[in-house]
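A.B. asks: Dropping in upload-v6.txt, with compact mmCIF, C-alpha atoms (C1' of nucleotides).
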```
# COMPACT_ATOMS: atom_id res chain seq x y z
CA MET A 1 0.00 0.00 0.00
CA MET A 2 2.82 2.38 0.83
CA THR A 3 5.11 1.86 -2.08
CA GLY A 4 4.20 2.31 -5.72
CA THR A 5 0.53 3.09 -5.62
CA ARG A 6 -1.23 1.78 -8.69
CA TRP A 7 -2.98 5.00 -9.65
CA LEU A 8 -5.84 4.90 -12.09
CA ASP A 9 -4.81 5.72 -15.62
CA SER A 10 -6.57 8.67 -17.11
CA GLU A 11 -9.23 6.62 -18.87
CA GLN A 12 -10.07 4.83 -15.69
CA GLN A 13 -10.09 8.10 -13.85
CA VAL A 14 -12.54 9.54 -16.31
CA ALA A 15 -14.79 6.49 -16.13
CA TRP A 16 -14.74 6.47 -12.34
CA ARG A 17 -15.77 10.08 -12.18
CA ALA A 18 -18.43 9.63 -14.79
CA TYR A 19 -19.83 6.89 -12.62
CA LEU A 20 -19.78 9.05 -9.51
CA LEU A 21 -21.39 12.03 -11.17
CA GLY A 22 -23.83 10.00 -13.23
CA THR A 23 -24.98 8.06 -10.22
CA ALA A 24 -25.47 11.21 -8.20
CA ARG A 25 -27.50 12.80 -10.95
CA LEU A 26 -29.47 9.68 -11.67
CA MET A 27 -30.46 9.13 -8.07
CA ALA A 28 -31.39 12.76 -7.65
CA LYS A 29 -33.55 12.58 -10.75
CA LEU A 30 -35.33 9.39 -9.78
CA ASP A 31 -35.89 10.75 -6.31
CA ASP A 32 -37.30 13.92 -7.73
CA ASP A 33 -39.66 12.07 -10.00
CA LEU A 34 -41.01 10.04 -7.12
CA ARG A 35 -41.63 13.02 -4.92
CA GLN A 36 -44.96 13.63 -6.63
CA PHE A 37 -46.14 10.45 -4.94
CA GLY A 38 -44.75 11.54 -1.61
CA LEU A 39 -41.99 8.96 -1.78
CA GLY A 40 -38.23 8.96 -1.99
CA ILE A 41 -36.36 6.31 -3.90
CA ASN A 42 -35.54 4.65 -0.63
CA ASP A 43 -39.18 4.43 0.42
CA TYR A 44 -40.01 3.17 -3.01
CA GLU A 45 -37.51 0.35 -2.85
CA ILE A 46 -38.91 -0.71 0.50
CA LEU A 47 -42.42 -0.88 -0.89
CA VAL A 48 -41.23 -2.85 -3.90
CA ARG A 49 -39.43 -5.43 -1.83
CA LEU A 50 -42.46 -5.91 0.35
CA SER A 51 -44.77 -6.16 -2.64
CA GLU A 52 -42.70 -9.00 -4.03
CA ALA A 53 -42.46 -10.98 -0.83
CA PRO A 54 -44.85 -13.79 0.07
CA GLU A 55 -47.87 -12.27 1.79
CA ARG A 56 -46.34 -8.91 1.03
CA ARG A 57 -44.31 -8.89 4.17
CA LEU A 58 -40.74 -9.29 5.31
CA ARG A 59 -38.91 -9.34 8.56
CA MET A 60 -37.18 -6.10 9.36
CA ALA A 61 -33.71 -7.59 9.35
CA GLU A 62 -34.27 -9.34 6.07
CA LEU A 63 -35.51 -6.17 4.48
CA ALA A 64 -32.59 -4.20 5.85
CA ASP A 65 -30.13 -6.69 4.41
CA ARG A 66 -31.68 -6.69 0.98
CA LEU A 67 -31.46 -2.94 0.85
CA HIS A 68 -28.07 -2.78 2.50
CA GLN A 69 -29.34 -0.48 5.19
CA SER A 70 -28.78 -0.40 8.91
CA ARG A 71 -31.57 -1.81 11.01
CA SER A 72 -31.83 1.51 12.72
CA ARG A 73 -32.36 3.41 9.54
CA LEU A 74 -35.00 0.95 8.51
CA THR A 75 -36.80 1.27 11.83
CA HIS A 76 -37.05 5.02 11.30
CA THR A 77 -38.11 4.80 7.69
CA VAL A 78 -40.69 2.13 8.30
CA GLY A 79 -41.97 4.24 11.18
CA ARG A 80 -42.66 7.02 8.69
CA LEU A 81 -44.20 4.69 6.17
CA GLU A 82 -46.37 3.30 8.89
CA ALA A 83 -47.51 6.77 9.88
CA ALA A 84 -48.45 7.24 6.23
CA GLU A 85 -50.36 3.96 6.43
CA LEU A 86 -48.40 2.42 3.60
CA VAL A 87 -46.89 -0.24 5.79
CA ARG A 88 -48.07 -2.04 8.90
CA ARG A 89 -45.97 -3.67 11.59
CA THR A 90 -47.01 -6.89 13.23
CA SER A 91 -45.07 -8.97 15.66
CA CYS A 92 -43.84 -12.36 14.66
CA LYS A 93 -45.42 -15.33 16.38
CA SER A 94 -42.65 -17.84 15.90
CA ASP A 95 -39.86 -15.52 17.00
CA LYS A 96 -41.07 -13.04 19.52
CA ARG A 97 -38.16 -10.74 18.92
CA GLY A 98 -39.18 -10.41 15.32
CA VAL A 99 -41.33 -7.88 13.52
CA TRP A 100 -43.02 -8.20 10.18
CA ALA A 101 -43.23 -5.19 7.95
CA GLU A 102 -46.26 -5.67 5.76
CA LEU A 103 -47.48 -3.66 2.81
CA THR A 104 -50.98 -2.27 3.32
CA ASP A 105 -53.53 -2.07 0.55
CA ALA A 106 -52.95 1.64 0.40
CA GLY A 107 -49.24 0.98 0.10
CA PHE A 108 -49.81 -1.46 -2.71
CA ALA A 109 -52.14 0.92 -4.48
CA LEU A 110 -49.64 3.74 -4.26
CA LEU A 111 -46.92 1.49 -5.56
CA GLU A 112 -49.08 0.52 -8.53
CA GLN A 113 -49.43 4.17 -9.33
CA ALA A 114 -45.80 5.03 -8.90
CA ALA A 115 -44.17 2.00 -10.47
CA PRO A 116 -44.86 2.66 -14.15
CA TYR A 117 -43.69 6.19 -13.73
CA HIS A 118 -40.56 5.15 -11.91
CA VAL A 119 -39.68 2.41 -14.39
CA GLU A 120 -40.09 4.82 -17.21
CA GLY A 121 -37.61 7.08 -15.45
CA VAL A 122 -35.12 4.27 -15.05
CA ARG A 123 -35.44 3.54 -18.73
CA GLU A 124 -35.24 7.05 -19.95
CA ASN A 125 -32.35 8.06 -17.74
CA LEU A 126 -30.32 4.90 -17.78
CA VAL A 127 -31.41 1.75 -19.54
CA ASP A 128 -32.30 3.27 -22.87
CA LEU A 129 -29.10 5.28 -22.90
CA ALA A 130 -26.99 2.16 -22.86
CA SER A 131 -26.58 -0.56 -25.46
CA PRO A 132 -27.84 -3.90 -24.21
CA GLU A 133 -24.24 -5.09 -24.01
CA ASP A 134 -23.14 -2.10 -21.98
CA PHE A 135 -26.05 -2.43 -19.64
CA ALA A 136 -25.31 -6.09 -19.18
CA ALA A 137 -21.73 -5.13 -18.36
CA ILE A 138 -23.01 -2.92 -15.57
CA GLY A 139 -24.96 -5.82 -14.17
CA ARG A 140 -21.93 -8.06 -14.33
CA VAL A 141 -19.57 -5.62 -12.72
CA PHE A 142 -21.78 -4.61 -9.83
CA ASP A 143 -22.67 -8.19 -9.19
CA ALA A 144 -18.98 -8.83 -8.80
CA VAL A 145 -18.71 -5.81 -6.53
CA SER A 146 -21.47 -7.05 -4.25
CA GLU A 147 -20.00 -10.48 -4.26
CA HIS A 148 -16.54 -9.19 -3.46
CA ILE A 149 -17.54 -6.88 -0.65
CA GLY A 150 -19.93 -9.40 0.81
CA GLN A 151 -22.57 -8.78 3.37
CA ARG A 152 -22.27 -5.78 5.56
CA MET B 1 -46.99 6.70 -19.54
CA MET B 2 -50.39 5.41 -18.64
CA THR B 3 -50.87 2.64 -21.15
CA GLY B 4 -48.53 -0.24 -21.73
CA THR B 5 -45.66 0.41 -19.43
CA ARG B 6 -42.42 -0.88 -20.83
CA TRP B 7 -41.34 -2.88 -17.82
CA LEU B 8 -37.78 -4.03 -17.51
CA ASP B 9 -37.25 -7.57 -18.65
CA SER B 10 -35.85 -9.87 -16.05
CA GLU B 11 -32.26 -9.49 -17.13
CA GLN B 12 -32.53 -5.75 -16.99
CA GLN B 13 -34.23 -6.01 -13.66
CA VAL B 14 -31.39 -8.09 -12.29
CA ALA B 15 -28.77 -5.73 -13.67
CA TRP B 16 -30.55 -2.70 -12.27
CA ARG B 17 -30.71 -4.19 -8.81
CA ALA B 18 -27.14 -5.35 -8.96
CA TYR B 19 -26.21 -1.77 -9.70
CA LEU B 20 -28.26 -0.44 -6.79
CA LEU B 21 -26.93 -2.91 -4.29
CA GLY B 22 -23.38 -2.85 -5.61
CA THR B 23 -23.26 0.91 -5.48
CA ALA B 24 -24.62 0.98 -1.95
CA ARG B 25 -22.05 -1.51 -0.79
CA LEU B 26 -19.20 0.09 -2.67
CA MET B 27 -19.88 3.54 -1.28
CA ALA B 28 -20.26 2.19 2.22
CA LYS B 29 -16.97 0.38 1.89
CA LEU B 30 -15.05 3.33 0.52
CA ASP B 31 -16.54 5.53 3.19
CA ASP B 32 -15.53 3.09 5.84
CA ASP B 33 -11.99 2.87 4.57
CA LEU B 34 -11.62 6.63 4.66
CA ARG B 35 -12.91 6.97 8.18
CA GLN B 36 -9.45 6.17 9.54
CA PHE B 37 -8.39 9.54 8.18
CA GLY B 38 -11.39 11.26 9.69
CA LEU B 39 -12.96 11.77 6.29
CA GLY B 40 -16.05 10.58 4.47
CA ILE B 41 -16.05 9.97 0.75
CA ASN B 42 -17.81 13.24 0.30
CA ASP B 43 -15.15 15.18 2.18
CA TYR B 44 -12.51 13.30 0.25
CA GLU B 45 -13.97 14.27 -3.11
CA ILE B 46 -14.04 17.90 -2.05
CA LEU B 47 -10.38 17.82 -1.10
CA VAL B 48 -9.49 16.10 -4.36
CA ARG B 49 -11.25 18.67 -6.50
CA LEU B 50 -9.57 21.48 -4.67
CA SER B 51 -6.17 19.84 -4.93
CA GLU B 52 -6.51 19.66 -8.69
CA ALA B 53 -7.64 23.22 -9.19
CA PRO B 54 -5.27 26.07 -10.01
CA GLU B 55 -3.92 27.47 -6.76
CA ARG B 56 -5.78 24.66 -5.03
CA ARG B 57 -8.93 26.65 -4.81
CA LEU B 58 -12.37 26.81 -6.34
CA ARG B 59 -15.42 28.97 -6.01
CA MET B 60 -18.12 27.43 -3.88
CA ALA B 61 -20.67 27.26 -6.67
CA GLU B 62 -18.20 25.70 -9.07
CA LEU B 63 -17.28 23.07 -6.54
CA ALA B 64 -20.91 22.35 -5.77
CA ASP B 65 -21.66 21.83 -9.44
CA ARG B 66 -18.77 19.49 -10.01
CA LEU B 67 -19.91 17.34 -7.12
CA HIS B 68 -23.58 17.68 -7.93
CA GLN B 69 -24.36 19.00 -4.49
CA SER B 70 -26.56 21.77 -3.28
CA ARG B 71 -24.80 24.98 -2.36
CA SER B 72 -26.25 24.67 1.08
CA ARG B 73 -24.82 21.25 1.66
CA LEU B 74 -21.46 22.43 0.49
CA THR B 75 -21.56 25.42 2.81
CA HIS B 76 -22.12 23.13 5.77
CA THR B 77 -19.52 20.59 4.74
CA VAL B 78 -16.88 23.18 3.98
CA GLY B 79 -17.69 24.73 7.33
CA ARG B 80 -16.73 21.47 9.00
CA LEU B 81 -13.63 21.05 6.85
CA GLU B 82 -12.66 24.56 7.75
CA ALA B 83 -13.07 23.83 11.43
CA ALA B 84 -10.73 20.90 10.88
CA GLU B 85 -8.33 23.31 9.17
CA LEU B 86 -8.27 21.30 5.98
CA VAL B 87 -9.84 24.07 3.95
CA ARG B 88 -9.77 27.85 4.21
CA ARG B 89 -12.35 30.30 2.93
CA THR B 90 -11.36 33.61 1.44
CA SER B 91 -13.59 36.14 -0.19
CA CYS B 92 -13.29 36.82 -3.87
CA LYS B 93 -11.94 40.23 -4.86
CA SER B 94 -13.41 40.47 -8.32
CA ASP B 95 -16.91 39.37 -7.35
CA LYS B 96 -17.68 40.36 -3.82
CA ARG B 97 -20.46 37.84 -3.55
CA GLY B 98 -18.03 35.06 -4.23
CA VAL B 99 -16.06 32.84 -1.87
CA TRP B 100 -12.99 30.77 -2.60
CA ALA B 101 -12.60 27.44 -0.91
CA GLU B 102 -8.90 26.76 -0.70
CA LEU B 103 -7.06 23.65 0.37
CA THR B 104 -4.69 24.27 3.29
CA ASP B 105 -1.31 22.61 3.58
CA ALA B 106 -2.75 20.35 6.25
CA GLY B 107 -5.57 19.45 3.89
CA PHE B 108 -3.13 18.64 1.14
CA ALA B 109 -0.98 16.58 3.46
CA LEU B 110 -3.96 14.59 4.66
CA LEU B 111 -5.04 14.00 1.10
CA GLU B 112 -1.60 12.73 0.19
CA GLN B 113 -1.92 10.23 2.98
CA ALA B 114 -5.42 9.14 2.16
CA ALA B 115 -5.25 9.05 -1.62
CA PRO B 116 -3.17 5.93 -2.17
CA TYR B 117 -5.29 4.08 0.28
CA HIS B 118 -8.50 5.26 -1.31
CA VAL B 119 -7.38 4.49 -4.85
CA GLU B 120 -6.36 1.03 -3.81
CA GLY B 121 -9.89 0.59 -2.44
CA VAL B 122 -11.44 1.75 -5.69
CA ARG B 123 -9.30 -0.73 -7.56
CA GLU B 124 -9.83 -3.63 -5.28
CA ASN B 125 -13.57 -3.17 -4.95
CA LEU B 126 -14.41 -2.06 -8.44
CA VAL B 127 -11.85 -1.50 -11.14
CA ASP B 128 -9.96 -4.75 -10.78
CA LEU B 129 -13.22 -6.69 -10.65
CA ALA B 130 -14.18 -5.56 -14.12
CA SER B 131 -12.62 -6.32 -17.46
CA PRO B 132 -11.23 -3.19 -19.10
CA GLU B 133 -14.06 -3.36 -21.63
CA ASP B 134 -16.72 -3.62 -18.96
CA PHE B 135 -15.24 -0.80 -17.00
CA ALA B 136 -15.09 1.33 -20.11
CA ALA B 137 -18.76 0.53 -20.65
CA ILE B 138 -19.55 1.93 -17.23
CA GLY B 139 -17.77 5.11 -18.15
CA ARG B 140 -19.67 5.39 -21.42
CA VAL B 141 -23.05 4.73 -19.90
CA PHE B 142 -22.77 7.12 -16.99
CA ASP B 143 -21.34 9.76 -19.21
CA ALA B 144 -24.49 9.44 -21.26
CA VAL B 145 -26.57 9.58 -18.10
CA SER B 146 -24.95 12.80 -16.97
CA GLU B 147 -25.27 14.22 -20.41
CA HIS B 148 -28.91 13.27 -20.64
CA ILE B 149 -29.96 14.55 -17.26
CA GLY B 150 -27.92 17.70 -17.64
CA GLN B 151 -27.04 20.17 -14.98
CA ARG B 152 -29.14 20.27 -11.91
C1' DG C 1 -33.19 -25.67 34.04
C1' DT C 2 -29.26 -22.14 34.24
C1' DG C 3 -25.83 -19.26 32.27
C1' DG C 4 -23.46 -17.39 28.58
C1' DT C 5 -23.62 -15.61 23.91
C1' DG C 6 -25.66 -13.88 19.91
C1' DT C 7 -29.78 -11.96 17.44
C1' DT C 8 -33.75 -8.71 16.67
C1' DG C 9 -35.42 -4.45 16.75
C1' DT C 10 -35.92 0.02 19.09
C1' DT C 11 -34.34 4.24 21.22
C1' DA C 12 -31.90 8.65 22.31
C1' DA C 13 -28.53 11.64 21.02
C1' DA C 14 -25.26 13.29 17.76
C1' DC C 15 -24.56 14.34 13.34
C1' DT C 16 -25.58 15.40 8.32
C1' DT C 17 -28.57 16.85 4.67
C1' DT C 18 -32.52 19.29 2.89
C1' DC C 19 -35.63 23.06 2.61
C1' DA C 20 -36.98 27.66 2.48
C1' DA C 21 -36.02 32.14 3.55
C1' DC C 22 -32.78 35.49 3.33
C1' DC C 23 -29.07 39.18 2.19
C1' DG C 24 -25.80 41.57 -0.26
C1' DA C 25 -23.66 41.97 -4.91
C1' DT C 26 -24.14 42.11 -9.79
C1' DG C 27 -25.67 43.10 -14.31
C1' DG C 28 -28.85 44.54 -17.37
C1' DC C 29 -32.50 47.89 -18.77
C1' DT C 30 -34.65 52.32 -19.15
C1' DA D 1 -29.03 57.37 -11.99
C1' DG D 2 -32.66 53.99 -10.34
C1' DC D 3 -35.00 49.69 -10.68
C1' DC D 4 -35.20 44.86 -10.48
C1' DA D 5 -34.36 40.15 -11.67
C1' DT D 6 -30.81 37.02 -10.84
C1' DC D 7 -26.66 35.16 -8.70
C1' DG D 8 -23.60 33.45 -4.88
C1' DG D 9 -23.60 32.07 -0.61
C1' DT D 10 -25.27 31.55 4.13
C1' DT D 11 -28.55 30.55 7.79
C1' DG D 12 -31.57 27.98 10.97
C1' DA D 13 -34.95 24.71 11.50
C1' DA D 14 -36.84 20.41 9.96
C1' DA D 15 -36.03 16.00 8.23
C1' DG D 16 -33.27 12.06 7.85
C1' DT D 17 -29.20 9.12 9.13
C1' DT D 18 -25.72 7.22 12.13
C1' DT D 19 -23.95 5.69 16.48
C1' DA D 20 -24.01 3.39 20.61
C1' DA D 21 -26.54 1.48 24.12
C1' DC D 22 -30.31 -1.33 25.45
C1' DA D 23 -34.27 -4.73 26.34
C1' DA D 24 -36.25 -8.79 24.97
C1' DC D 25 -35.80 -13.05 23.24
C1' DA D 26 -33.43 -17.35 21.18
C1' DC D 27 -30.13 -20.83 21.22
C1' DC D 28 -26.67 -23.76 22.84
C1' DA D 29 -23.80 -26.04 26.28
C1' DC D 30 -23.66 -27.71 30.47
```
For the structure just supplied, provide its representation as structure tokens.

C.D. replies:
Amino acid sequence: MMTGTRWLDSEQQVAWRAYLLGTARLMAKLDDDLRQFGLGINDYEILVRLSEAPERRLRMAELADRLHQSRSRLTHTVGRLEAAELVRRTSCKSDKRGVWAELTDAGFALLEQAAPYHVEGVRENLVDLASPEDFAAIGRVFDAVSEHIGQR
Amino acid sequence: MMTGTRWLDSEQQVAWRAYLLGTARLMAKLDDDLRQFGLGINDYEILVRLSEAPERRLRMAELADRLHQSRSRLTHTVGRLEAAELVRRTSCKSDKRGVWAELTDAGFALLEQAAPYHVEGVRENLVDLASPEDFAAIGRVFDAVSEHIGQR
DNA sequence: GTGGTGTTGTTAAACTTTCAACCGATGGCT
DNA sequence: AGCCATCGGTTGAAAGTTTAACAACACCAC
């Protein structure tokens, strides 16, 4: 680490920065677009994960892991979503420490409204800007990144 | 928008989520690695931009734009960096509204310490995990994203 | 069963970011 | 000159996130 740092060459440098800036702009844009539904991209992802789960519910820890968030952050966020009646919390019978976060009907309905709009945004601002090969490359690389870094 | 949403096909879906999760993990990791220097990745990027600028200084607005941050956020962050004596603020002679953010010697020294470590992290957790072609693809795509979304 | 150890989820407090209002400086425009 | 829309930056409060500590429970060994 000390001797002979392998700096990025200038192409890599440029690509790295493009990624940083592009990601920042993309997330800001998607967030912005969702705000008309009273959601942030983070809230949205939570609702999506719940909507896909059996019985539309997940344990808090499981949800936190899938989103790579701290349990604490999730507790706060779900608290807000619960106040907005988009999510309901119920305690888990089989493990009394556990808590289910469950999508309400209102939550599902809102998601149905927001999803087409959001997906269109993802297409317009990312997917459709990339060739299929390039987009596949992104999938490959970030899969490897996740794999490499591992859980938490 | 209303009729016939063009949903992502399942490959695209997988790639999109890999990107979301991978990015979350990558940023968390890089952030973590920098914490030993008392910096977050955001602070680090600020110091880098300043270090590259002529006379190691930039106007606040210019810096904010390059990092895609709000001016307000930058004001707060630079305030903290200034308290840590890594950055100095001086008012701009030619435009009295303006403020220069300037890297101090201590800031530069800290950056020199942190940079090799950080770059190694970027390599290990991203660059070296991708083939050169795939990494170039990332650059291309996010360039297009930035371009498409445009400034702020 | 008892005791130790780890897990789940929440909480309070500290910290960071966002939001909206603001102020002085600037640059037209008439 | 005077007006005024805009720019550059800051401010303080509100909103959101992190950190560390904690209570309740689960699990395993004994």

A.B. asks: Taking into account all atoms listed in the file, which residue in the set A:Asp33, A:Asp9, A:Arg73, A:Leu67 is nearest to chain D?

C.D. replies: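 Closest residue, counting all atoms listed in the file: A:Arg73.
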
A.B. asks: Mind listing as an mmCIF file with C-alpha atoms (C1' of nucleotides), in the frame of the given file which residues of chain C are within 8 Å of chain A, counting only C-alpha atoms (C1' of nucleotides)?

C.D. replies:
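For reference, out-v1.cif as written:
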```cif
data_model
loop_
_atom_site.group_PDB
_atom_site.id
_atom_site.type_symbol
_atom_site.label_atom_id
_atom_site.label_comp_id
_atom_site.auth_asym_id
_atom_site.auth_seq_id
_atom_site.Cartn_x
_atom_site.Cartn_y
_atom_site.Cartn_z
ATOM 1 C "C1'" DT C 8 -33.750 -8.710 16.670
ATOM 2 C "C1'" DG C 9 -35.420 -4.450 16.750
ATOM 3 C "C1'" DT C 10 -35.920 0.020 19.090
#
```

A.B. asks: Need the shell around Lys29 of chain B: protein/DNA/RNA residues with any atom at most 9 Å away, counting only C-alpha atoms (C1' of nucleotides). Skip same-chain ones fewer than 4 positions apart. Format as a VMD selection string?

C.D. replies: (chain A and resid 149 152) or (chain B and resid 24 to 25 33 to 34 121 125)

A.B. asks: Any chance you could export the current selection's C-alpha atoms as a compact mmCIF listing (two decimals), in the coordinates of the input?

C.D. replies:
```
# COMPACT_ATOMS: atom_id res chain seq x y z
CA ILE A 149 -17.54 -6.88 -0.65
CA ARG A 152 -22.27 -5.78 5.56
CA ALA B 24 -24.62 0.98 -1.95
CA ARG B 25 -22.05 -1.51 -0.79
CA ASP B 33 -11.99 2.87 4.57
CA LEU B 34 -11.62 6.63 4.66
CA GLY B 121 -9.89 0.59 -2.44
CA ASN B 125 -13.57 -3.17 -4.95
```

A.B. asks: What is the distance, in Å and to one decimal place, between atom C1' of DC22 of chain D and atom C1' of DA13 of chain C?

C.D. replies: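 Separation between atom C1' of DC22 of chain D and atom C1' of DA13 of chain C: 13.8 Å.
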
A.B. asks: Could you please determine the separation between atom CA of Val127 of chain B and atom CA of Glu11 of chain A in Å, to one decimal place?

C.D. replies: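 Taking atom CA of Val127 of chain B as the start and atom CA of Glu11 of chain A as the end point, the length is 11.5 Å.
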
A.B. asks: Could you write out as a count of residues only the residues of chain B within 7 Å of chain A, counting all atoms listed in the file?

C.D. replies: 33

A.B. asks: Output as a ChimeraX atom specification the set of chain D residues within 10 Å of chain A, with distances taken over all atoms listed in the file.

C.D. replies: /D:16-19,24-26

A.B. asks: Grab the residues selected above and save them as an mmCIF file, keeping the file's coordinate frame with C-alpha atoms (C1' of nucleotides).

C.D. replies:
```
data_model
loop_
_atom_site.group_PDB
_atom_site.id
_atom_site.type_symbol
_atom_site.label_atom_id
_atom_site.label_comp_id
_atom_site.auth_asym_id
_atom_site.auth_seq_id
_atom_site.Cartn_x
_atom_site.Cartn_y
_atom_site.Cartn_z
ATOM 1 C "C1'" DG D 16 -33.270 12.060 7.850
ATOM 2 C "C1'" DT D 17 -29.200 9.120 9.130
ATOM 3 C "C1'" DT D 18 -25.720 7.220 12.130
ATOM 4 C "C1'" DT D 19 -23.950 5.690 16.480
ATOM 5 C "C1'" DA D 24 -36.250 -8.790 24.970
ATOM 6 C "C1'" DC D 25 -35.800 -13.050 23.240
ATOM 7 C "C1'" DA D 26 -33.430 -17.350 21.180
#
```

A.B. asks: Hey, can you check how far atom CA of Glu112 of chain B sits from atom CA of Trp100 of chain B?

C.D. replies: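 Atom CA of Trp100 of chain B lies at a distance of 21.5 Å from atom CA of Glu112 of chain B.
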
A.B. asks: Name all residues at most 12 Å from DA21 of chain C (count all atoms listed in the file; drop same-chain ones fewer than 6 positions away) and give them as a ChimeraX atom specification.

C.D. replies: /D:10-13

A.B. asks: Could you give me, as a list in words, the residues within 12 Å of DA5 of chain D, counting only C-alpha atoms (C1' of nucleotides) and dropping anything in the same chain fewer than 6 positions from it?

C.D. replies: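 Surrounding residues, per the criterion: DT26, DG27, DG28 and DC29 of chain C.
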
A.B. asks: Which residues come within 12 Å of Arg56 of chain B, counting all atoms listed in the file, excluding same-chain residues fewer than 5 positions away, as an mmCIF file with C-alpha atoms, keeping the file's coordinate frame?

C.D. replies:
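Result written to out07.cif:
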```
data_model
loop_
_atom_site.group_PDB
_atom_site.id
_atom_site.type_symbol
_atom_site.label_atom_id
_atom_site.label_comp_id
_atom_site.auth_asym_id
_atom_site.auth_seq_id
_atom_site.Cartn_x
_atom_site.Cartn_y
_atom_site.Cartn_z
ATOM 1 C CA ILE B 46 -14.040 17.900 -2.050
ATOM 2 C CA LEU B 47 -10.380 17.820 -1.100
ATOM 3 C CA VAL B 48 -9.490 16.100 -4.360
ATOM 4 C CA ARG B 49 -11.250 18.670 -6.500
ATOM 5 C CA LEU B 50 -9.570 21.480 -4.670
ATOM 6 C CA SER B 51 -6.170 19.840 -4.930
ATOM 7 C CA LEU B 63 -17.280 23.070 -6.540
ATOM 8 C CA LEU B 86 -8.270 21.300 5.980
ATOM 9 C CA VAL B 87 -9.840 24.070 3.950
ATOM 10 C CA ARG B 88 -9.770 27.850 4.210
ATOM 11 C CA ARG B 89 -12.350 30.300 2.930
ATOM 12 C CA TRP B 100 -12.990 30.770 -2.600
ATOM 13 C CA ALA B 101 -12.600 27.440 -0.910
ATOM 14 C CA GLU B 102 -8.900 26.760 -0.700
ATOM 15 C CA LEU B 103 -7.060 23.650 0.370
ATOM 16 C CA THR B 104 -4.690 24.270 3.290
ATOM 17 C CA ASP B 105 -1.310 22.610 3.580
ATOM 18 C CA GLY B 107 -5.570 19.450 3.890
ATOM 19 C CA PHE B 108 -3.130 18.640 1.140
#
```

A.B. asks: Around all listed atoms of segment 13-21 of chain D, padded 5 Å per side, what centre and edge lengths does the axis-aligned box have in Å to one decimal, as lines of an AutoDock Vina configuration file?

C.D. replies:
```
center_x = -30.4
center_y = 13.1
center_z = 16.0
size_x = 22.9
size_y = 33.2
size_z = 26.3
```

A.B. asks: Hey, what's within 10 Å of Gly38 of chain B if we count all atoms listed in the file and toss same-chain stuff fewer than 4 positions away? As a list in words, please?

C.D. replies: Asp32, Asp33, Leu34, Asp43, Tyr44, Ala84, Leu110 and Ala114 of chain B

A.B. asks: Which one of D:DG9, D:DA14, D:DA1, D:DA20 sits closest to DA25 of chain C if you count all atoms listed in the file?

C.D. replies: D:DG9
